[in-house]
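Engineer: I am sharing my_file-v2.cif, which consists of mmCIF, C-alpha atoms, pLDDT in the B column; chains and numbers go by the auth columns:
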data_input
loop_
_atom_site.group_PDB
_atom_site.id
_atom_site.type_symbol
_atom_site.label_atom_id
_atom_site.label_comp_id
_atom_site.label_asym_id
_atom_site.label_seq_id
_atom_site.Cartn_x
_atom_site.Cartn_y
_atom_site.Cartn_z
_atom_site.B_iso_or_equiv
_atom_site.auth_seq_id
_atom_site.auth_asym_id
ATOM 1 C CA MET A 1 48.445 64.266 -18.992 44.00 249 A
ATOM 2 C CA ALA A 2 48.874 66.792 -16.197 45.00 250 A
ATOM 3 C CA ARG A 3 52.389 67.306 -14.953 46.00 251 A
ATOM 4 C CA ARG A 4 54.508 69.716 -13.015 46.00 252 A
ATOM 5 C CA ILE A 5 55.588 72.835 -14.905 45.00 253 A
ATOM 6 C CA ASN A 6 59.275 73.490 -15.199 43.00 254 A
ATOM 7 C CA THR A 7 59.495 76.926 -13.645 40.00 255 A
ATOM 8 C CA THR A 8 63.286 77.256 -13.751 36.00 256 A
ATOM 9 C CA ALA A 9 63.015 79.926 -16.414 34.00 257 A
ATOM 10 C CA TYR A 10 60.932 82.015 -14.061 32.00 258 A
ATOM 11 C CA ASP A 11 63.069 82.804 -11.015 31.00 259 A
ATOM 12 C CA THR A 12 63.125 80.164 -8.323 31.00 260 A
ATOM 13 C CA TYR A 13 59.422 79.780 -7.716 33.00 261 A
ATOM 14 C CA VAL A 14 58.521 76.307 -6.546 36.00 262 A
ATOM 15 C CA GLY A 15 54.933 75.171 -6.366 41.00 263 A
ATOM 16 C CA GLU A 16 52.337 72.744 -7.577 47.00 264 A
ATOM 17 C CA ALA A 17 51.489 73.128 -11.226 49.00 265 A
ATOM 18 C CA MET A 18 49.198 71.398 -13.657 68.00 266 A
ATOM 19 C CA ALA A 19 49.550 71.780 -17.369 82.00 267 A
ATOM 20 C CA SER A 20 49.717 69.381 -20.260 89.00 268 A
ATOM 21 C CA GLU A 21 52.797 69.168 -22.446 92.00 269 A
ATOM 22 C CA ASP A 22 50.797 70.659 -25.301 95.00 270 A
ATOM 23 C CA PHE A 23 49.766 73.658 -23.209 94.00 271 A
ATOM 24 C CA GLU A 24 53.370 74.215 -22.170 93.00 272 A
ATOM 25 C CA TRP A 25 54.508 73.901 -25.764 95.00 273 A
ATOM 26 C CA VAL A 26 52.074 76.625 -26.869 95.00 274 A
ATOM 27 C CA SER A 27 53.276 78.810 -23.986 93.00 275 A
ATOM 28 C CA GLU A 28 56.902 78.348 -25.004 92.00 276 A
ATOM 29 C CA ASN A 29 56.255 78.992 -28.694 94.00 277 A
ATOM 30 C CA LEU A 30 53.497 81.598 -28.668 93.00 278 A
ATOM 31 C CA ILE A 31 55.496 84.301 -30.447 92.00 279 A
ATOM 32 C CA GLN A 32 56.402 81.982 -33.332 94.00 280 A
ATOM 33 C CA LEU A 33 52.797 80.771 -33.451 95.00 281 A
ATOM 34 C CA GLN A 34 51.594 84.389 -33.625 94.00 282 A
ATOM 35 C CA GLU A 35 53.738 84.950 -36.724 93.00 283 A
ATOM 36 C CA LYS A 36 52.089 82.038 -38.480 96.00 284 A
ATOM 37 C CA TYR A 37 48.596 81.635 -37.059 96.00 285 A
ATOM 38 C CA ALA A 38 47.462 85.021 -35.696 93.00 286 A
ATOM 39 C CA ARG A 39 43.660 85.239 -35.270 91.00 287 A
ATOM 40 C CA LEU A 40 43.246 81.555 -36.037 94.00 288 A
ATOM 41 C CA PHE A 41 42.410 78.548 -33.897 95.00 289 A
ATOM 42 C CA ILE A 42 45.035 75.834 -33.677 97.00 290 A
ATOM 43 C CA ALA A 43 44.742 72.219 -32.555 97.00 291 A
ATOM 44 C CA VAL A 44 47.884 70.973 -30.801 96.00 292 A
ATOM 45 C CA TRP A 45 48.650 67.327 -30.204 96.00 293 A
ATOM 46 C CA LYS A 46 51.930 65.928 -28.924 94.00 294 A
ATOM 47 C CA ARG A 47 53.622 69.316 -29.208 95.00 295 A
ATOM 48 C CA GLN A 48 52.673 69.821 -32.846 96.00 296 A
ATOM 49 C CA VAL A 49 50.070 71.926 -34.634 97.00 297 A
ATOM 50 C CA ILE A 50 47.949 69.354 -36.434 97.00 298 A
ATOM 51 C CA GLY A 51 44.932 71.526 -37.220 97.00 299 A
ATOM 52 C CA VAL A 52 44.275 75.156 -38.107 97.00 300 A
ATOM 53 C CA GLY A 53 41.101 77.070 -38.874 95.00 301 A
ATOM 54 C CA GLU A 54 39.074 80.202 -38.447 92.00 302 A
ATOM 55 C CA SER A 55 36.939 78.326 -35.939 91.00 303 A
ATOM 56 C CA PRO A 56 37.602 75.632 -33.329 93.00 304 A
ATOM 57 C CA SER A 57 35.582 73.108 -35.356 92.00 305 A
ATOM 58 C CA GLN A 58 37.742 73.630 -38.439 94.00 306 A
ATOM 59 C CA ALA A 59 40.909 73.135 -36.405 96.00 307 A
ATOM 60 C CA ILE A 60 39.554 70.024 -34.665 95.00 308 A
ATOM 61 C CA LYS A 61 38.270 68.550 -37.938 95.00 309 A
ATOM 62 C CA GLN A 62 41.661 68.976 -39.578 96.00 310 A
ATOM 63 C CA ALA A 63 43.359 67.488 -36.521 96.00 311 A
ATOM 64 C CA ARG A 64 41.101 64.417 -36.533 94.00 312 A
ATOM 65 C CA GLU A 65 41.750 63.902 -40.240 96.00 313 A
ATOM 66 C CA ARG A 66 45.483 63.901 -39.604 95.00 314 A
ATOM 67 C CA VAL A 67 45.523 61.959 -36.325 94.00 315 A
ATOM 68 C CA THR A 68 42.296 60.042 -35.827 92.00 316 A
ATOM 69 C CA GLU A 69 42.754 59.215 -32.150 91.00 317 A
ATOM 70 C CA SER A 70 43.852 62.727 -31.172 90.00 318 A
ATOM 71 C CA ASN A 71 42.150 64.830 -28.514 93.00 319 A
ATOM 72 C CA PRO A 72 43.973 68.066 -29.288 95.00 320 A
ATOM 73 C CA LEU A 73 44.343 71.170 -27.169 96.00 321 A
ATOM 74 C CA VAL A 74 42.441 73.935 -28.954 96.00 322 A
ATOM 75 C CA GLU A 75 43.736 77.476 -28.685 95.00 323 A
ATOM 76 C CA TYR A 76 43.049 80.891 -30.214 93.00 324 A
ATOM 77 C CA VAL A 77 46.262 82.620 -31.307 93.00 325 A
ATOM 78 C CA PRO A 78 46.198 86.347 -30.485 88.00 326 A
ATOM 79 C CA ASP A 79 47.063 88.935 -33.132 86.00 327 A
ATOM 80 C CA PRO A 80 50.205 91.009 -32.418 83.00 328 A
ATOM 81 C CA LYS A 81 48.414 93.999 -33.991 79.00 329 A
ATOM 82 C CA TYR A 82 45.826 94.045 -31.226 70.00 330 A
ATOM 83 C CA ILE A 83 45.982 94.146 -27.481 61.00 331 A
ATOM 84 C CA LEU A 84 43.153 92.302 -25.847 60.00 332 A
ATOM 85 C CA VAL A 85 41.475 94.524 -23.297 53.00 333 A
ATOM 86 C CA VAL A 86 38.235 93.061 -22.047 49.00 334 A
ATOM 87 C CA MET B 1 46.410 74.427 -4.703 68.00 1282 B
ATOM 88 C CA VAL B 2 44.216 73.360 -7.582 78.00 1283 B
ATOM 89 C CA ALA B 3 46.230 74.487 -10.562 88.00 1284 B
ATOM 90 C CA GLN B 4 49.006 76.808 -11.495 91.00 1285 B
ATOM 91 C CA PHE B 5 50.245 78.053 -14.845 92.00 1286 B
ATOM 92 C CA THR B 6 53.144 80.198 -15.955 91.00 1287 B
ATOM 93 C CA TYR B 7 52.283 83.309 -17.947 93.00 1288 B
ATOM 94 C CA ARG B 8 52.827 83.180 -21.658 92.00 1289 B
ATOM 95 C CA LYS B 9 55.133 85.552 -23.441 88.00 1290 B
ATOM 96 C CA GLY B 10 53.341 87.077 -26.401 88.00 1291 B
ATOM 97 C CA TRP B 11 54.177 89.787 -28.879 86.00 1292 B
ATOM 98 C CA SER B 12 52.366 93.072 -29.312 86.00 1293 B
ATOM 99 C CA GLU B 13 53.268 95.480 -32.112 82.00 1294 B
ATOM 100 C CA LEU B 14 52.415 98.333 -29.758 82.00 1295 B
ATOM 101 C CA LEU B 15 54.098 97.162 -26.545 86.00 1296 B
ATOM 102 C CA GLY B 16 56.632 94.539 -27.611 87.00 1297 B
ATOM 103 C CA LEU B 17 56.932 91.548 -25.273 87.00 1298 B
ATOM 104 C CA ILE B 18 53.856 91.118 -23.091 88.00 1299 B
ATOM 105 C CA SER B 19 52.888 88.566 -20.443 89.00 1300 B
ATOM 106 C CA LEU B 20 49.565 86.801 -20.780 92.00 1301 B
ATOM 107 C CA PRO B 21 47.934 84.781 -17.981 95.00 1302 B
ATOM 108 C CA TYR B 22 46.548 81.693 -19.675 94.00 1303 B
ATOM 109 C CA ALA B 23 45.044 78.583 -18.105 94.00 1304 B
ATOM 110 C CA GLU B 24 44.294 75.141 -19.460 94.00 1305 B
ATOM 111 C CA LEU B 25 40.729 73.941 -19.051 92.00 1306 B
ATOM 112 C CA TYR B 26 38.817 70.797 -19.822 94.00 1307 B
ATOM 113 C CA ALA B 27 35.188 71.080 -20.917 95.00 1308 B
ATOM 114 C CA GLU B 28 32.931 68.029 -20.769 95.00 1309 B
ATOM 115 C CA ARG B 29 31.252 66.849 -23.935 94.00 1310 B
ATOM 116 C CA LYS B 30 27.797 65.265 -23.905 93.00 1311 B
ATOM 117 C CA ASP B 31 29.413 61.846 -24.360 93.00 1312 B
ATOM 118 C CA GLY B 32 31.439 62.300 -21.170 93.00 1313 B
ATOM 119 C CA SER B 33 34.784 62.905 -22.847 93.00 1314 B
ATOM 120 C CA TRP B 34 36.780 66.058 -22.165 94.00 1315 B
ATOM 121 C CA MET B 35 37.708 68.725 -24.679 94.00 1316 B
ATOM 122 C CA ARG B 36 40.961 70.553 -23.958 94.00 1317 B
ATOM 123 C CA LEU B 37 41.194 74.289 -24.418 94.00 1318 B
ATOM 124 C CA GLY B 38 43.400 77.148 -23.351 95.00 1319 B
ATOM 125 C CA GLY B 39 42.071 80.571 -22.487 94.00 1320 B
ATOM 126 C CA LEU B 40 43.097 83.989 -21.259 94.00 1321 B
ATOM 127 C CA VAL B 41 42.186 84.461 -17.608 95.00 1322 B
ATOM 128 C CA ASP B 42 40.542 87.856 -17.267 92.00 1323 B
ATOM 129 C CA SER B 43 39.576 89.079 -13.817 92.00 1324 B
ATOM 130 C CA GLY B 44 37.755 92.008 -15.436 88.00 1325 B
ATOM 131 C CA ALA B 45 35.427 89.795 -17.449 89.00 1326 B
ATOM 132 C CA VAL B 46 32.134 89.077 -15.722 89.00 1327 B
ATOM 133 C CA ILE B 47 31.564 85.856 -17.652 92.00 1328 B
ATOM 134 C CA SER B 48 33.659 83.386 -19.639 95.00 1329 B
ATOM 135 C CA ILE B 49 33.269 83.732 -23.400 94.00 1330 B
ATOM 136 C CA LEU B 50 33.759 80.965 -25.928 95.00 1331 B
ATOM 137 C CA HIS B 51 33.509 80.745 -29.707 94.00 1332 B
ATOM 138 C CA TYR B 52 30.156 79.449 -31.000 93.00 1333 B
ATOM 139 C CA ASP B 53 31.752 76.292 -32.353 93.00 1334 B
ATOM 140 C CA TYR B 54 32.767 75.144 -28.890 95.00 1335 B
ATOM 141 C CA ALA B 55 29.082 74.685 -28.068 95.00 1336 B
ATOM 142 C CA ARG B 56 28.680 72.401 -31.065 91.00 1337 B
ATOM 143 C CA GLU B 57 31.823 70.493 -30.137 92.00 1338 B
ATOM 144 C CA LEU B 58 30.476 70.002 -26.623 95.00 1339 B
ATOM 145 C CA GLY B 59 27.219 68.624 -27.979 94.00 1340 B
ATOM 146 C CA ILE B 60 24.934 71.606 -27.329 94.00 1341 B
ATOM 147 C CA GLU B 61 22.791 71.374 -30.440 87.00 1342 B
ATOM 148 C CA ARG B 62 20.370 74.271 -29.968 88.00 1343 B
ATOM 149 C CA VAL B 63 22.771 76.962 -28.853 88.00 1344 B
ATOM 150 C CA GLU B 64 20.334 79.795 -29.540 86.00 1345 B
ATOM 151 C CA GLU B 65 17.590 78.182 -27.454 88.00 1346 B
ATOM 152 C CA THR B 66 18.377 79.650 -24.072 85.00 1347 B
ATOM 153 C CA ASP B 67 16.545 82.183 -21.947 83.00 1348 B
ATOM 154 C CA VAL B 68 19.798 83.827 -20.997 88.00 1349 B
ATOM 155 C CA LYS B 69 21.260 85.808 -23.845 85.00 1350 B
ATOM 156 C CA GLY B 70 22.707 89.273 -24.173 83.00 1351 B
ATOM 157 C CA TYR B 71 25.354 91.505 -25.686 85.00 1352 B
ATOM 158 C CA ILE B 72 29.018 91.932 -24.921 78.00 1353 B
ATOM 159 C CA TYR B 73 31.441 94.269 -26.672 73.00 1354 B
ATOM 160 C CA GLY B 74 34.395 93.019 -28.707 63.00 1355 B
ATOM 161 C CA VAL B 75 36.268 93.083 -32.014 57.00 1356 B
ATOM 162 C CA CYS B 76 35.181 90.894 -34.933 54.00 1357 B
ATOM 163 C CA ARG B 77 37.212 89.504 -37.806 52.00 1358 B
ATOM 164 C CA GLY B 78 37.298 91.996 -40.656 52.00 1359 B
ATOM 165 C CA ARG B 79 36.124 94.901 -38.512 56.00 1360 B
ATOM 166 C CA ARG B 80 38.342 97.306 -36.674 58.00 1361 B
ATOM 167 C CA GLU B 81 35.764 99.032 -34.559 63.00 1362 B
ATOM 168 C CA VAL B 82 34.414 97.687 -31.299 68.00 1363 B
ATOM 169 C CA THR B 83 31.138 95.976 -31.955 75.00 1364 B
ATOM 170 C CA ARG B 84 28.322 94.277 -30.083 81.00 1365 B
ATOM 171 C CA ILE B 85 28.421 90.502 -29.929 85.00 1366 B
ATOM 172 C CA LEU B 86 25.395 88.460 -28.950 91.00 1367 B
ATOM 173 C CA VAL B 87 26.192 85.641 -26.525 92.00 1368 B
ATOM 174 C CA TYR B 88 24.092 82.659 -25.486 95.00 1369 B
ATOM 175 C CA VAL B 89 24.631 81.566 -21.920 96.00 1370 B
ATOM 176 C CA HIS B 90 24.725 77.846 -21.147 96.00 1371 B
ATOM 177 C CA LYS B 91 25.851 75.832 -18.179 95.00 1372 B
ATOM 178 C CA ILE B 92 28.709 73.429 -18.881 96.00 1373 B
ATOM 179 C CA ARG B 93 31.008 71.257 -16.790 95.00 1374 B
ATOM 180 C CA LEU B 94 34.590 72.447 -16.586 94.00 1375 B
ATOM 181 C CA ARG B 95 37.718 70.984 -15.054 92.00 1376 B
ATOM 182 C CA ILE B 96 40.699 72.958 -13.828 88.00 1377 B
ATOM 183 C CA GLY B 97 43.415 70.665 -12.526 80.00 1378 B
ATOM 184 C CA GLU B 98 41.476 67.874 -10.837 80.00 1379 B
ATOM 185 C CA GLU B 99 38.489 70.028 -9.848 84.00 1380 B
ATOM 186 C CA ILE B 100 35.208 69.616 -11.757 90.00 1381 B
ATOM 187 C CA PHE B 101 32.397 72.166 -11.480 90.00 1382 B
ATOM 188 C CA GLU B 102 29.502 73.716 -13.396 95.00 1383 B
ATOM 189 C CA VAL B 103 30.048 77.068 -15.022 96.00 1384 B
ATOM 190 C CA ARG B 104 27.789 79.422 -16.942 96.00 1385 B
ATOM 191 C CA VAL B 105 29.589 80.512 -20.103 96.00 1386 B
ATOM 192 C CA GLY B 106 28.587 82.746 -22.999 95.00 1387 B
ATOM 193 C CA PHE B 107 28.864 81.294 -26.483 95.00 1388 B
ATOM 194 C CA ALA B 108 29.272 84.044 -29.077 92.00 1389 B
ATOM 195 C CA GLU B 109 26.812 84.147 -31.952 90.00 1390 B
ATOM 196 C CA SER B 110 27.716 82.041 -34.976 88.00 1391 B
ATOM 197 C CA GLY B 111 30.432 83.361 -37.282 84.00 1392 B
ATOM 198 C CA VAL B 112 31.919 85.838 -34.827 84.00 1393 B
ATOM 199 C CA GLU B 113 35.608 85.651 -33.942 83.00 1394 B
ATOM 200 C CA VAL B 114 36.179 85.688 -30.208 86.00 1395 B
ATOM 201 C CA PRO B 115 39.193 84.559 -28.213 89.00 1396 B
ATOM 202 C CA THR B 116 38.657 82.200 -25.308 93.00 1397 B
ATOM 203 C CA ILE B 117 38.144 84.320 -22.196 93.00 1398 B
ATOM 204 C CA ILE B 118 38.006 82.818 -18.723 95.00 1399 B
ATOM 205 C CA GLY B 119 35.946 85.244 -16.687 94.00 1400 B
ATOM 206 C CA ARG B 120 34.799 85.421 -13.089 94.00 1401 B
ATOM 207 C CA LEU B 121 31.273 83.953 -13.073 94.00 1402 B
ATOM 208 C CA ASP B 122 31.126 80.538 -11.321 94.00 1403 B
ATOM 209 C CA ILE B 123 34.945 80.280 -11.259 93.00 1404 B
ATOM 210 C CA PHE B 124 36.366 83.098 -9.179 93.00 1405 B
ATOM 211 C CA ASP B 125 33.867 82.406 -6.391 91.00 1406 B
ATOM 212 C CA LYS B 126 35.302 78.897 -5.990 89.00 1407 B
ATOM 213 C CA TYR B 127 38.978 79.730 -5.897 89.00 1408 B
ATOM 214 C CA ILE B 128 41.419 82.340 -4.826 90.00 1409 B
ATOM 215 C CA VAL B 129 42.805 83.317 -8.190 92.00 1410 B
ATOM 216 C CA GLN B 130 46.193 84.904 -7.778 92.00 1411 B
ATOM 217 C CA PHE B 131 47.918 86.834 -10.565 94.00 1412 B
ATOM 218 C CA ASP B 132 51.596 87.011 -9.676 93.00 1413 B
ATOM 219 C CA ASP B 133 52.909 89.323 -12.387 93.00 1414 B
ATOM 220 C CA ALA B 134 56.364 89.529 -10.792 93.00 1415 B
ATOM 221 C CA LYS B 135 56.868 85.776 -11.077 92.00 1416 B
ATOM 222 C CA ARG B 136 54.526 85.453 -14.046 92.00 1417 B
ATOM 223 C CA ILE B 137 52.439 82.732 -12.457 93.00 1418 B
ATOM 224 C CA ILE B 138 48.669 82.412 -12.161 93.00 1419 B
ATOM 225 C CA SER B 139 47.311 80.183 -9.393 91.00 1420 B
ATOM 226 C CA PHE B 140 43.893 78.760 -8.639 91.00 1421 B
ATOM 227 C CA MET B 141 43.752 78.002 -4.928 89.00 1422 B
ATOM 228 C CA LYS B 142 41.069 76.732 -2.581 80.00 1423 B
ATOM 229 C CA ASP B 143 40.127 79.098 0.195 64.00 1424 B
ATOM 230 C CA PHE B 144 40.622 76.602 2.976 57.00 1425 B
ATOM 231 C CA SER B 145 39.897 79.130 5.682 59.00 1426 B
ATOM 232 C CA LYS B 146 36.264 79.400 4.569 51.00 1427 B
ATOM 233 C CA ILE B 147 35.876 75.641 4.331 47.00 1428 B
ATOM 234 C CA SER B 148 37.402 74.676 7.658 47.00 1429 B
ATOM 235 C CA LYS B 149 36.185 77.606 9.789 50.00 1430 B
ATOM 236 C CA PRO B 150 32.431 78.196 9.538 50.00 1431 B
ATOM 237 C CA LEU B 151 31.244 81.479 11.012 53.00 1432 B
ATOM 238 C CA SER B 152 28.898 79.705 13.422 60.00 1433 B
ATOM 239 C CA GLU B 153 27.943 76.178 14.380 57.00 1434 B
ATOM 240 C CA PRO B 154 24.596 74.996 13.016 57.00 1435 B
ATOM 241 C CA ARG B 155 21.849 74.996 15.661 58.00 1436 B
ATOM 242 C CA SER B 156 20.543 71.580 16.679 54.00 1437 B
#
Rewrite the structure from the file as structure tokens, please.

Structural biologist:
Amino acid sequence: MARRINTTAYDTYVGEAMASEDFEWVSENLIQLQEKYARLFIAVWKRQVIGVGESPSQAIKQARERVTESNPLVEYVPDPKYILVV
Amino acid sequence: MVAQFTYRKGWSELLGLISLPYAELYAERKDGSWMRLGGLVDSGAVISILHYDYARELGIERVEETDVKGYIYGVCRGRREVTRILVYVHKIRLRIGEEIFEVRVGFAESGVEVPTIIGRLDIFDKYIVQFDDAKRIISFMKDFSKISKPLSEPRS
């Protein structure tokens, strides 16, 4: 599951990196995901959104209904209207 | 090096393109399997904060039954003002890269919208966490100097 990140888009930095393909996919497509799923939880499996909900459980439940054997990456999609300052 | 992640590019209506340091974590369920989640790494957050449902997914049945509970401040769905959020602190097992360790996290009270925040408690004391904004890379590194060079030899 873990593999080296392709950092070519970010200067010439070379180093060890661990991220799943699903995590990378969310990173690469966050802006498009924000347009569609802002302030929702998404469940990502094999580079696809297979579950969505207002809570992680809703997203996971939907994901399991669609792909029974999935162990999706669960993510909260930030709202472009807000800047998170914690 | 334990793990390293490139920053995400997100959109803010106020600022336009912004960079967000996210990390991928694995949280252990009661049955020994690992749940995968991504979260914003926040060096200003004292403790990691997770949505209430994550506790249920991990198999913590009585989330409210903990001696350690308290309030944080955040923004809830449907409300624009900053509001108090009650969190219940539990110890869970997390994995970053290949490293597994116990972390105290705060689960927000039921029904409250909170993003996944990876804070300092029980994480930043185990790694050198480097935010490289110029290269947009966040790294979790072991402080080998502390491990290999004790301040003094134990007395016999």

Engineer: Would you mind telling me which residue in A:Asp270, A:Val297, A:Ala286, A:Leu278 lies nearest to chain B when using only C-alpha atoms?

Structural biologist: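 Nearest to chain B: A:Leu278.
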
Engineer: List as CSV every residue of chain B that is in contact with chain A, defined as an atom at most 8 Å from one of its atoms (using only C-alpha atoms), together with the nearest atom pair and the distance in Å rounded to one decimal, sorted by chain and then rising number.

Structural biologist:
residue,atom,partner,partner_atom,distance
B:Met1282,CA,A:Glu264,CA,6.8
B:Ala1284,CA,A:Met266,CA,5.3
B:Gln1285,CA,A:Ala265,CA,4.4
B:Phe1286,CA,A:Ala265,CA,6.2
B:Thr1287,CA,A:Thr255,CA,7.5
B:Tyr1288,CA,A:Ser275,CA,7.6
B:Arg1289,CA,A:Ser275,CA,5.0
B:Lys1290,CA,A:Leu278,CA,6.8
B:Gly1291,CA,A:Ile279,CA,5.4
B:Trp1292,CA,A:Pro328,CA,5.5
B:Ser1293,CA,A:Pro328,CA,4.3
B:Glu1294,CA,A:Lys329,CA,5.4
B:Leu1295,CA,A:Lys329,CA,7.3
B:Glu1305,CA,A:Ala267,CA,6.6
B:Met1316,CA,A:Asn319,CA,7.0
B:Arg1317,CA,A:Leu321,CA,4.7
B:Leu1318,CA,A:Val322,CA,4.7
B:Gly1319,CA,A:Glu323,CA,5.4
B:Gly1320,CA,A:Glu323,CA,7.1
B:Asp1323,CA,A:Val334,CA,7.4
B:Gly1325,CA,A:Val334,CA,6.7
B:Ala1326,CA,A:Val334,CA,6.3
B:His1332,CA,A:Pro304,CA,7.5
B:Asp1334,CA,A:Ser305,CA,5.8
B:Tyr1335,CA,A:Pro304,CA,6.6
B:Glu1338,CA,A:Ser305,CA,6.9
B:Gly1355,CA,A:Val334,CA,7.7
B:Gly1378,CA,A:Met266,CA,5.9
B:Glu1394,CA,A:Ser303,CA,7.7
B:Pro1396,CA,A:Tyr324,CA,5.7
B:Thr1397,CA,A:Tyr324,CA,6.7
B:Lys1416,CA,A:Tyr258,CA,6.3
B:Arg1417,CA,A:Tyr258,CA,7.3

Engineer: Could those residues be written to a file, using C-alpha atoms, as a short mmCIF file (atom, residue, chain, number, x, y, z; two decimals), in the frame of the given file?

Structural biologist:
data_model
loop_
_atom_site.label_atom_id
_atom_site.label_comp_id
_atom_site.auth_asym_id
_atom_site.auth_seq_id
_atom_site.Cartn_x
_atom_site.Cartn_y
_atom_site.Cartn_z
CA MET B 1282 46.41 74.43 -4.70
CA ALA B 1284 46.23 74.49 -10.56
CA GLN B 1285 49.01 76.81 -11.50
CA PHE B 1286 50.24 78.05 -14.84
CA THR B 1287 53.14 80.20 -15.96
CA TYR B 1288 52.28 83.31 -17.95
CA ARG B 1289 52.83 83.18 -21.66
CA LYS B 1290 55.13 85.55 -23.44
CA GLY B 1291 53.34 87.08 -26.40
CA TRP B 1292 54.18 89.79 -28.88
CA SER B 1293 52.37 93.07 -29.31
CA GLU B 1294 53.27 95.48 -32.11
CA LEU B 1295 52.42 98.33 -29.76
CA GLU B 1305 44.29 75.14 -19.46
CA MET B 1316 37.71 68.72 -24.68
CA ARG B 1317 40.96 70.55 -23.96
CA LEU B 1318 41.19 74.29 -24.42
CA GLY B 1319 43.40 77.15 -23.35
CA GLY B 1320 42.07 80.57 -22.49
CA ASP B 1323 40.54 87.86 -17.27
CA GLY B 1325 37.76 92.01 -15.44
CA ALA B 1326 35.43 89.80 -17.45
CA HIS B 1332 33.51 80.74 -29.71
CA ASP B 1334 31.75 76.29 -32.35
CA TYR B 1335 32.77 75.14 -28.89
CA GLU B 1338 31.82 70.49 -30.14
CA GLY B 1355 34.40 93.02 -28.71
CA GLY B 1378 43.42 70.67 -12.53
CA GLU B 1394 35.61 85.65 -33.94
CA PRO B 1396 39.19 84.56 -28.21
CA THR B 1397 38.66 82.20 -25.31
CA LYS B 1416 56.87 85.78 -11.08
CA ARG B 1417 54.53 85.45 -14.05
#

Engineer: With a distance cut-off of 10 Å and all atoms listed in the file, select the neighbouring residues of Gly1313 of chain B, excluding the residue or stretch itself and same-chain residues fewer than 3 positions from it, and output the selection as number ranges by chain.

Structural biologist: B: 1308-1310, 1316, 1339, 1374

Engineer: Would you put the residues from that selection into a file with C-alpha atoms, as a CSV table (one decimal), in the frame of the given file?

Structural biologist:
chain,number,residue,atom,x,y,z
B,1308,ALA,CA,35.2,71.1,-20.9
B,1309,GLU,CA,32.9,68.0,-20.8
B,1310,ARG,CA,31.3,66.8,-23.9
B,1316,MET,CA,37.7,68.7,-24.7
B,1339,LEU,CA,30.5,70.0,-26.6
B,1374,ARG,CA,31.0,71.3,-16.8

Engineer: Work out how far apart atom CA of Ile1328 of chain B and atom CA of Tyr1352 of chain B are and give it in Å to one decimal.

Structural biologist: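 Here the two named atoms are 11.6 Å from each other.
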
Engineer: At a cut-off of 9 Å, using only C-alpha atoms, what residues contact Arg314 of chain A? Leave out same-chain residues fewer than 4 positions from it and give the result as a PyMOL selection string.

Structural biologist: chain A and resi 298-299+309-310+318
